[in-house]
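Q: What follows is a structure written as C-alpha cells; I'll ask about it next.
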Amino acid sequence: MDHKQLRNVGLAGGALAAAIAAAYYGYDQYTKRYPVYKEQYKLFKEYEAAMLPPRSEIQALEDDILKQMQTGMEKANASKILMLPTYVVKLPTGEETGACYAIDIGGTNFRVVYYRLSDKRGVIEEQTMKQVAIPKEVYTGSCNQLFDFLAQQLADFIKEQEAKHKPAAVAAGLPVVGFCFSFAVEQQSLSSGKLMGWTKGFDVDGVVGKDVVQLMSDALARAGKPCRVLALINDSVGVLTASCYMDADTEMGVILGTGTNACIVDKVRGQAAPAAAWQTRCEHSACPPPVQLTFVCAAMTGCQRSC
C-alpha cells in the first residue's frame, strides 16, 4: 500500500475504535443506570394509573355528582351539594357607567378595588387595586378583629381615592361597595347572607350563623367610613358578572385556586326574575376524598336543568 492508502486505513481504524469505545461506554452507563430507569418508569406508571382512572370510574363519579345536584335542588340540605340562593337575577350588559368600590376576601389576602366604568360599552376606564395579607392572628381571632381589620383597610383606601379623584370619586350619599365573600353563605337577599362555615384555614369566632354584610357594615361605621354594601357574591359569580360586562356572550364563571368554583345562568320557573346565577363551590381544605362540593344556585326551587 502506498502512504495515502495506509493513511485512510489508519483513519478508518481510528474511527472504528472510537465508535466501539463510545458504544461500550454507553452500554456501561446503561447497565449502571438501568435499575434507576426501571424504578422511574414504574413510578411513572403508578402515577399515571392514579391520575387517569378508568372511564367507568369517571362516569360513576359524574353520575353521582349530577344525582346529588338534582337532590340538592329539590330539597335543601338533602345532599352534600348544597343548593343556595345567590339572588343574582340580572347580569351586566356593558352599558353600565359610574364608579364603585369592591372588596374581596376568599383566602389570606384581602383586596380592595376602585372601578370607574367608561361611557363606552364594556370598557373599564380606571381600575386601582390594593392587596394586603391578613395576619394569622386576625383570620383565627375574633369576629371584631377580622371585620375591623377589613373595614379599616377599605376606609383608608376610600379616603385615598377620594383625595385623588375629587370631586369625581365623591358621589352623593354613601360609597357603594360590592362584597365578594368566597365562603359558604346562605343568603336572604342580594345584600345579606349568613356564614355557614369557615374553610381555607379561617377559624374566626362569632361569625358562623351571622350576616356578614351586617358585620362588615358595623365595622365600617366603627372605622368612621359608613358605606352601602350593595351586593354579596362569591368569586365565581364575580368572574361571571365581570366578564359579562365586557362580553355579553359569557355563560359561565370558573375559579381554579384555593377553592374550585363555577357558576352558570339558568331560567327560573314560577318567579318574575328572568334569569338566575348558579355557582358550584368546592373548598379543597374541607373536602374529604374523593370529592365534596357545595353547589349554590340563585333559586332553590323550580330550576329547569342541572349542569
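Identifiers in this document derive from the order of the C-alpha cells: chains are assigned A, B, ..., residues are numbered from 1 separately in each chain, and ligands are numbered from 1 in order of occurrence.
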Determine, for each residue of segment 59-114 of chain A having at least one atom at most 9 Å from an atom of segment 178-191 of chain A, the closest pair of atoms and their separation in Å to one decimal, counting only C-alpha atoms; order by chain and ascending number, as CSV.

A:
```
residue,atom,partner,partner_atom,distance
A:Leu84,CA,A:Glu186,CA,6.1
A:Pro85,CA,A:Gln187,CA,6.1
A:Thr86,CA,A:Gln187,CA,6.5
A:Tyr87,CA,A:Leu190,CA,5.1
A:Val88,CA,A:Leu190,CA,6.7
A:Cys100,CA,A:Gly178,CA,7.8
A:Tyr101,CA,A:Gly178,CA,6.3
A:Ala102,CA,A:Gly178,CA,4.6
A:Ile103,CA,A:Phe179,CA,5.2
A:Asp104,CA,A:Cys180,CA,4.6
A:Ile105,CA,A:Phe181,CA,5.3
A:Gly106,CA,A:Ser182,CA,4.5
A:Gly107,CA,A:Ser182,CA,8.0
```

Q: Where does DSSP see strand (DSSP E) in segment 192-225 of chain A, if you list the residues as a ChimeraX atom specification?

A: /A:192-195

Q: Between atom CA of Arg222 of chain A and atom CA of Tyr115 of chain A, what is the distance in Å, rounded to a tenth?

A: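 Distance between the two atoms: 24.5 Å.
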
Q: I'd like the contact shell of segment 196-207 of chain A - 9 Å cut-off, only C-alpha atoms, skipping same-chain residues fewer than 5 positions apart - returned as number ranges by chain.

A: A: 106-108, 136, 138-146, 183-186, 212, 215, 258-259, 283-286
